[in-house]
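J.: Okay, so here is target_11.cif, and as you'll see once you scroll down, it has mmCIF, C-alpha atoms.
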```cif
data_model
#
loop_
_atom_site.label_atom_id
_atom_site.label_comp_id
_atom_site.auth_asym_id
_atom_site.auth_seq_id
_atom_site.Cartn_x
_atom_site.Cartn_y
_atom_site.Cartn_z
CA MET A 17 -48.32 82.84 68.65
CA ASN A 18 -51.39 81.18 67.09
CA LEU A 19 -51.76 77.49 66.27
CA LYS A 20 -50.80 77.91 62.62
CA SER A 21 -47.72 79.89 63.59
CA TYR A 22 -46.66 77.15 65.96
CA ALA A 23 -47.13 74.56 63.23
CA TYR A 24 -44.76 76.36 60.86
CA TYR A 25 -42.35 77.15 63.64
CA PHE A 26 -42.01 73.56 64.73
CA LEU A 27 -41.84 72.40 61.12
CA ALA A 28 -38.66 74.45 60.79
CA LEU A 29 -37.36 72.95 64.01
CA THR A 30 -38.10 69.46 62.72
CA ILE A 31 -36.17 70.07 59.51
CA ILE A 32 -33.18 71.43 61.38
CA SER A 33 -33.25 68.75 64.07
CA SER A 34 -33.05 66.02 61.42
CA CYS A 35 -29.30 66.62 61.50
CA LYS A 36 -29.07 66.47 65.29
CA THR A 37 -26.65 63.86 66.62
CA LYS A 38 -26.04 64.69 70.28
CA LYS A 39 -27.84 66.43 73.13
CA PRO A 40 -26.42 69.73 74.37
CA ALA A 41 -24.49 69.88 77.59
CA THR A 42 -26.57 70.84 80.61
CA ILE A 43 -26.22 74.13 82.47
CA VAL A 44 -24.06 73.75 85.57
CA ASN A 45 -24.19 76.35 88.37
CA ASN A 46 -25.86 78.85 86.03
CA SER A 47 -22.77 78.92 83.81
CA PRO A 48 -23.18 79.46 80.04
CA LYS A 49 -24.34 76.43 78.12
CA VAL A 50 -21.61 74.56 76.28
CA TYR A 51 -22.82 73.00 73.05
CA LYS A 52 -21.42 69.76 71.75
CA THR A 53 -22.75 70.29 68.23
CA GLN A 54 -23.64 73.32 66.13
CA ILE A 55 -27.07 71.85 65.50
CA ASP A 56 -27.84 72.05 69.23
CA SER A 57 -26.77 75.67 69.27
CA LEU A 58 -28.91 76.44 66.23
CA LEU A 59 -31.94 74.78 67.76
CA ASP A 60 -31.75 77.03 70.82
CA ILE A 61 -31.27 80.13 68.65
CA VAL A 62 -34.37 79.33 66.59
CA LYS A 63 -36.44 78.89 69.76
CA ILE A 64 -35.75 82.47 70.88
CA LYS A 65 -38.88 84.60 70.52
CA ASP A 66 -37.70 87.75 72.30
CA THR A 67 -38.48 90.99 70.52
CA VAL A 68 -35.98 93.71 69.75
CA ARG A 69 -35.31 96.19 72.54
CA LEU A 70 -35.00 99.76 71.34
CA ALA A 71 -34.78 103.12 73.10
CA ASP A 72 -34.85 106.68 71.86
CA SER A 73 -32.20 109.34 72.56
CA ALA A 74 -33.81 110.07 75.94
CA GLY A 75 -33.62 106.45 76.97
CA THR A 76 -37.37 105.86 76.63
CA ALA A 77 -38.20 102.31 75.61
CA ILE A 78 -39.85 101.92 72.22
CA PRO A 79 -42.89 99.61 72.40
CA SER A 80 -42.20 96.29 70.70
CA GLU A 81 -43.76 92.85 70.55
CA PHE A 82 -42.95 89.48 68.97
CA VAL A 83 -45.70 88.41 66.57
CA ALA A 84 -44.81 85.24 64.69
CA THR A 85 -45.25 85.16 60.92
CA VAL A 86 -46.30 82.00 59.10
CA ASN A 87 -44.57 83.09 55.88
CA PHE A 88 -40.99 81.87 56.03
CA ASN A 89 -38.64 79.07 55.16
CA LEU A 90 -35.01 78.19 55.55
CA ARG A 91 -32.36 79.07 52.99
CA LYS A 92 -33.09 77.91 49.45
CA PRO A 93 -30.16 76.35 47.62
CA ASN A 94 -29.89 77.74 44.10
CA TYR A 95 -26.61 76.17 42.96
CA VAL A 96 -24.95 72.77 43.10
CA ILE A 97 -21.17 72.78 43.35
CA ILE A 98 -19.38 69.57 42.41
CA HIS A 99 -16.02 68.64 43.92
CA HIS A 100 -13.64 65.72 44.01
CA THR A 101 -12.32 64.74 47.41
CA ALA A 102 -8.61 64.48 46.52
CA GLN A 103 -8.44 61.73 49.13
CA ASP A 104 -7.95 57.98 49.06
CA SER A 105 -11.42 56.75 50.02
CA ALA A 106 -14.92 57.81 50.98
CA LYS A 107 -14.19 56.62 54.51
CA GLN A 108 -11.27 59.03 54.76
CA THR A 109 -13.44 61.89 53.49
CA LEU A 110 -16.26 61.12 55.93
CA ASN A 111 -13.70 61.25 58.71
CA THR A 112 -12.32 64.56 57.45
CA PHE A 113 -15.79 66.10 57.34
CA THR A 114 -16.66 65.01 60.87
CA LEU A 115 -13.60 66.50 62.57
CA THR A 116 -14.03 70.01 63.99
CA ARG A 117 -10.45 71.02 63.29
CA THR A 118 -10.77 70.54 59.51
CA GLN A 119 -13.44 73.25 59.14
CA VAL A 120 -14.66 71.71 55.87
CA SER A 121 -17.84 69.86 54.97
CA ALA A 122 -20.28 69.02 52.19
CA HIS A 123 -23.92 68.10 51.96
CA TYR A 124 -23.24 64.87 50.09
CA VAL A 125 -20.36 62.49 49.46
CA VAL A 126 -20.72 59.99 46.60
CA SER A 127 -18.44 56.97 46.86
CA ARG A 128 -16.82 55.20 43.93
CA ASP A 129 -19.31 52.32 44.15
CA GLY A 130 -22.23 54.75 43.94
CA LYS A 131 -23.24 54.88 47.60
CA VAL A 132 -24.47 58.31 48.61
CA TYR A 133 -23.70 59.72 52.05
CA HIS A 134 -25.94 62.62 53.11
CA MET A 135 -23.96 64.62 55.68
CA LEU A 136 -25.96 67.80 56.17
CA ASN A 137 -29.56 68.87 55.70
CA ASP A 138 -29.92 70.66 52.35
CA TYR A 139 -31.38 73.73 54.04
CA LEU A 140 -28.26 74.28 56.11
CA ARG A 141 -25.02 75.96 55.03
CA SER A 142 -22.02 73.68 54.65
CA TRP A 143 -18.40 74.80 54.31
CA HIS A 144 -17.41 73.52 50.90
CA ALA A 145 -16.89 76.49 48.58
CA GLY A 146 -14.41 78.62 50.50
CA VAL A 147 -13.26 81.89 48.94
CA SER A 148 -15.19 81.93 45.68
CA LYS A 149 -17.26 83.98 43.28
CA TRP A 150 -19.75 83.25 40.52
CA GLY A 151 -21.32 86.15 38.72
CA SER A 152 -22.18 88.65 41.45
CA VAL A 153 -22.36 86.01 44.19
CA THR A 154 -19.43 86.11 46.60
CA ASP A 155 -20.78 83.75 49.28
CA MET A 156 -21.44 80.51 47.44
CA ASN A 157 -21.75 78.51 50.66
CA SER A 158 -24.94 80.38 51.51
CA CYS A 159 -26.78 79.52 48.30
CA SER A 160 -25.41 76.17 47.19
CA ILE A 161 -25.33 72.45 47.86
CA GLY A 162 -21.87 70.90 47.92
CA ILE A 163 -21.35 67.41 46.50
CA GLU A 164 -18.02 65.65 46.95
CA LEU A 165 -17.11 62.74 44.67
CA ASP A 166 -14.70 60.14 46.01
CA ASN A 167 -11.86 60.65 43.54
CA ASN A 168 -8.20 61.57 43.93
CA GLY A 169 -8.29 63.99 41.00
CA VAL A 170 -5.99 62.07 38.68
CA GLN A 171 -8.25 59.27 37.51
CA PRO A 172 -11.56 58.87 35.67
CA PHE A 173 -14.79 58.81 37.63
CA GLN A 174 -16.52 55.47 38.09
CA GLU A 175 -19.68 54.66 36.10
CA ALA A 176 -21.67 53.74 39.23
CA GLN A 177 -20.60 56.98 40.86
CA VAL A 178 -21.70 59.13 37.93
CA LYS A 179 -25.01 57.26 37.72
CA SER A 180 -25.74 57.96 41.39
CA LEU A 181 -24.67 61.58 40.97
CA ILE A 182 -27.09 62.12 38.09
CA LEU A 183 -29.95 60.62 40.11
CA LEU A 184 -29.05 62.85 43.05
CA LEU A 185 -28.85 65.95 40.84
CA ALA A 186 -32.25 65.15 39.35
CA LYS A 187 -33.75 65.01 42.84
CA LEU A 188 -32.13 68.29 43.88
CA LYS A 189 -33.05 70.10 40.68
CA LYS A 190 -36.70 69.16 41.07
CA ALA A 191 -36.85 69.80 44.82
CA TYR A 192 -35.34 73.30 44.68
CA ASN A 193 -36.06 74.31 41.08
CA ILE A 194 -32.35 74.80 40.42
CA PRO A 195 -31.67 76.30 36.96
CA THR A 196 -29.79 74.18 34.43
CA ALA A 197 -26.93 76.69 34.31
CA ASN A 198 -26.35 76.47 38.07
CA PHE A 199 -24.67 73.07 38.18
CA ILE A 200 -20.98 73.96 38.24
CA GLY A 201 -17.63 72.85 39.60
CA HIS A 202 -15.42 74.09 42.39
CA SER A 203 -12.83 75.20 39.84
CA ASP A 204 -15.44 77.37 38.14
CA ILE A 205 -16.09 79.44 41.26
CA ALA A 206 -12.49 79.49 42.50
CA PRO A 207 -10.26 79.81 39.40
CA GLY A 208 -6.57 79.56 40.15
CA ARG A 209 -7.26 78.14 43.61
CA LYS A 210 -9.13 74.93 42.83
CA THR A 211 -9.09 72.39 40.00
CA ASP A 212 -11.83 70.01 41.08
CA PRO A 213 -13.66 68.09 39.85
CA SER A 214 -10.76 67.83 37.34
CA ALA A 215 -10.56 67.40 33.58
CA TYR A 216 -11.72 63.80 33.98
CA PHE A 217 -15.17 64.85 35.10
CA PRO A 218 -17.90 64.06 32.50
CA TRP A 219 -19.53 67.47 32.18
CA LYS A 220 -20.85 66.57 28.74
CA THR A 221 -22.72 63.58 30.18
CA LEU A 222 -24.25 65.77 32.88
CA ALA A 223 -25.27 68.43 30.35
CA LYS A 224 -27.13 65.81 28.32
CA SER A 225 -29.19 65.09 31.43
CA GLY A 226 -29.93 68.76 32.05
CA PHE A 227 -27.26 69.65 34.59
CA GLY A 228 -25.11 72.46 33.23
CA TYR A 229 -24.42 73.39 29.63
CA TRP A 230 -22.07 72.01 27.00
CA SER A 231 -21.04 73.20 23.53
CA ASP A 232 -22.85 71.99 20.43
CA ASP A 233 -21.27 69.38 18.20
CA VAL A 234 -21.13 71.83 15.30
CA LEU A 235 -19.51 75.12 16.28
CA GLU A 236 -19.95 78.48 14.62
CA LEU A 237 -16.76 80.44 14.10
CA ALA A 238 -16.38 83.13 16.74
CA PRO A 239 -16.50 86.56 15.08
CA GLU A 240 -13.38 88.73 14.99
CA THR A 241 -15.12 91.24 17.26
CA PHE A 242 -15.90 88.56 19.84
CA ASP A 243 -15.22 89.85 23.38
CA TYR A 244 -14.08 86.69 25.12
CA VAL A 245 -13.59 88.41 28.48
CA ALA A 246 -17.21 89.58 28.49
CA ALA A 247 -18.28 86.09 27.46
CA LEU A 248 -16.47 84.55 30.42
CA ARG A 249 -18.24 87.01 32.71
CA ILE A 250 -21.62 86.24 31.13
CA ILE A 251 -21.15 82.58 32.02
CA GLY A 252 -20.19 83.54 35.58
CA TYR A 253 -16.41 83.48 35.77
CA ASP A 254 -14.49 85.97 37.86
CA THR A 255 -12.01 87.48 35.38
CA THR A 256 -9.98 89.42 37.93
CA ASN A 257 -7.23 86.90 37.21
CA LEU A 258 -7.89 86.39 33.50
CA PRO A 259 -5.42 83.52 32.87
CA ALA A 260 -6.92 81.63 35.82
CA ALA A 261 -10.44 82.24 34.51
CA ILE A 262 -9.45 80.94 31.05
CA LYS A 263 -7.93 77.81 32.58
CA ALA A 264 -11.06 77.24 34.69
CA PHE A 265 -13.27 77.61 31.61
CA LYS A 266 -11.16 75.17 29.62
CA LEU A 267 -11.03 72.71 32.51
CA HIS A 268 -14.81 72.56 32.37
CA PHE A 269 -15.71 73.03 28.70
CA VAL A 270 -12.61 71.91 26.75
CA GLN A 271 -10.78 69.50 29.08
CA THR A 272 -8.24 68.28 26.52
CA ASP A 273 -6.14 71.41 27.03
CA VAL A 274 -6.15 73.54 30.18
CA SER A 275 -3.51 76.11 29.28
CA PRO A 276 -4.25 79.81 29.96
CA GLN A 277 -4.35 80.66 26.26
CA LEU A 278 -7.42 80.54 24.02
CA THR A 279 -7.01 78.81 20.66
CA GLN A 280 -9.47 79.39 17.84
CA LEU A 281 -11.26 76.20 18.85
CA ASP A 282 -11.48 77.43 22.46
CA LEU A 283 -12.91 80.75 21.26
CA ASN A 284 -15.51 78.90 19.20
CA VAL A 285 -16.50 76.80 22.20
CA LEU A 286 -16.67 79.87 24.43
CA TYR A 287 -18.77 81.76 21.88
CA ASN A 288 -21.15 78.80 21.59
CA VAL A 289 -21.49 78.20 25.34
CA ALA A 290 -21.88 81.89 26.28
CA LYS A 291 -24.90 82.18 23.96
CA LYS A 292 -26.68 79.57 26.11
CA TYR A 293 -26.56 81.84 29.19
#
```
Would you write out, as structure tokens, the structure that this file holds?
T.:
Amino acid sequence: MNLKSYAYYFLALTIISSCKTKKPATIVNNSPKVYKTQIDSLLDIVKIKDTVRLADSAGTAIPSEFVATVNFNLRKPNYVIIHHTAQDSAKQTLNTFTLTRTQVSAHYVVSRDGKVYHMLNDYLRSWHAGVSKWGSVTDMNSCSIGIELDNNGVQPFQEAQVKSLILLLAKLKKAYNIPTANFIGHSDIAPGRKTDPSAYFPWKTLAKSGFGYWSDDVLELAPETFDYVAALRIIGYDTTNLPAAIKAFKLHFVQTDVSPQLTQLDLNVLYNVAKKY
């Protein structure tokens, strides 16, 4: 491995190790190493430079060698998924996300007073989306950043909280060149299963700042031939469960009514929004 290769290699290690909190357990009597954190495990995996070992049908080893490339990076987040915590406080959420048994996490938690807690390096994969789908993507955890807002789901979001969120989104959008359309909610990617960040979330305010889309103030009448199912799919919704997809759309883009039926106004909004994608 040449000097430049080492530089890139250890740059990746530095990024990953920024999340490190504890040292791994030592090896005792040549027994397998027991890791106290996943970061420690990941660090050791990244350090492995062994080549593949292949053999033909006669058992003859195929020549192989590890030659490090300098052209690589870690995963690139391409979506931001916004959630509400459905808990009583940011402290409670931080505790939930630091317990192994919960099996849930997020990259950021934004408290009601606007304080931002960064819980996982952006380049790593957190467990916030669960079973979900957006467009053709079925593993949202692998390509997104999860942001949890301290909110129980039945009350408006605080002004300081939304202000901090917008500043955070601006930073993420610039850092990873995230498209405007790719700022969405948990309910969008998991219709029927999730309702966060709730009908109280100010999607219109975010859209004005360039994070997600919103309908125009003046709406054109949707034509009689308008295929609303196709329009939902164009935006990204999974229409396997159509009533759930309609509710998820209305939760995001209508908010005053989240029933599974589309009124003429809903159709006009859908027609208007779908043309932006």
J.: Nearest residue to Ala215 of chain A out of A:Ser180, A:Gln271, A:Ser203, A:Asn87, using all atoms listed in the file?
T.: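 Of all the options, A:Gln271 lies closest to Ala215 of chain A.
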J.: Could you state the separation of atom CA of Ala106 of chain A and atom CA of Leu90 of chain A in Å, given to one decimal place?
T.: 29.0 Å
J.: Using all atoms listed in the file, which of A:Asn257, A:Thr114, A:Thr85, A:Gln174 sits nearest Pro218 of chain A?
T.: A:Gln174
J.: Can you measure atom CA of Gln108 of chain A to atom CA of Gln177 of chain A for me? One decimal in Å is fine.
T.: 16.9 Å
J.: With a distance cut-off of 10 Å and all atoms listed in the file, select the neighbouring residues of Phe113 of chain A, excluding the residue or stretch itself and same-chain residues fewer than 3 positions from it, and output the selection as a list in words.
T.: Gln108, Thr109, Leu110, Thr116, Arg117, Thr118, Gln119, Val120, Ser121, Ala122, His123, Val125, Met135, Trp143 and His144 of chain A
J.: Write segment 211-226 of chain A as a CSV table (one decimal), keeping the file's coordinate frame, completed to N, CA, C and O atoms.
T.:
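So the final result, stored in result.csv, reads:
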```
chain,number,residue,atom,x,y,z
A,211,THR,N,-9.0,73.1,41.3
A,211,THR,CA,-9.1,72.4,40.0
A,211,THR,C,-10.1,71.3,40.0
A,211,THR,O,-10.2,70.6,39.0
A,212,ASP,N,-10.8,71.1,41.1
A,212,ASP,CA,-11.8,70.0,41.1
A,212,ASP,C,-13.2,70.5,40.5
A,212,ASP,O,-13.5,71.6,40.5
A,213,PRO,N,-13.9,69.5,39.8
A,213,PRO,CA,-13.7,68.1,39.8
A,213,PRO,C,-12.7,67.5,38.8
A,213,PRO,O,-12.9,66.3,38.4
A,214,SER,N,-11.8,68.3,38.3
A,214,SER,CA,-10.8,67.8,37.3
A,214,SER,C,-11.2,67.7,35.9
A,214,SER,O,-12.4,67.6,35.6
A,215,ALA,N,-10.3,67.5,35.0
A,215,ALA,CA,-10.6,67.4,33.6
A,215,ALA,C,-11.2,66.0,33.3
A,215,ALA,O,-11.6,65.8,32.1
A,216,TYR,N,-11.1,65.1,34.2
A,216,TYR,CA,-11.7,63.8,34.0
A,216,TYR,C,-13.2,63.8,34.2
A,216,TYR,O,-13.9,62.8,33.9
A,217,PHE,N,-13.8,64.9,34.8
A,217,PHE,CA,-15.2,64.8,35.1
A,217,PHE,C,-16.0,64.9,33.8
A,217,PHE,O,-15.8,65.8,33.0
A,218,PRO,N,-17.1,64.1,33.7
A,218,PRO,CA,-17.9,64.1,32.5
A,218,PRO,C,-19.0,65.1,32.4
A,218,PRO,O,-20.2,64.9,32.5
A,219,TRP,N,-18.6,66.4,32.3
A,219,TRP,CA,-19.5,67.5,32.2
A,219,TRP,C,-20.5,67.3,31.0
A,219,TRP,O,-21.7,67.7,31.1
A,220,LYS,N,-20.0,66.8,29.9
A,220,LYS,CA,-20.8,66.6,28.7
A,220,LYS,C,-22.0,65.6,29.1
A,220,LYS,O,-23.2,65.9,28.7
A,221,THR,N,-21.7,64.6,29.8
A,221,THR,CA,-22.7,63.6,30.2
A,221,THR,C,-23.8,64.2,31.1
A,221,THR,O,-25.0,64.0,30.9
A,222,LEU,N,-23.3,65.1,32.0
A,222,LEU,CA,-24.2,65.8,32.9
A,222,LEU,C,-25.1,66.7,32.1
A,222,LEU,O,-26.3,66.8,32.3
A,223,ALA,N,-24.5,67.5,31.1
A,223,ALA,CA,-25.3,68.4,30.4
A,223,ALA,C,-26.4,67.7,29.6
A,223,ALA,O,-27.5,68.3,29.4
A,224,LYS,N,-26.1,66.6,29.1
A,224,LYS,CA,-27.1,65.8,28.3
A,224,LYS,C,-28.3,65.5,29.2
A,224,LYS,O,-29.4,65.3,28.7
A,225,SER,N,-28.1,65.4,30.5
A,225,SER,CA,-29.2,65.1,31.4
A,225,SER,C,-29.8,66.3,32.0
A,225,SER,O,-30.7,66.3,32.9
A,226,GLY,N,-29.3,67.5,31.6
A,226,GLY,CA,-29.9,68.8,32.0
A,226,GLY,C,-29.2,69.4,33.2
A,226,GLY,O,-29.8,70.3,33.9
```
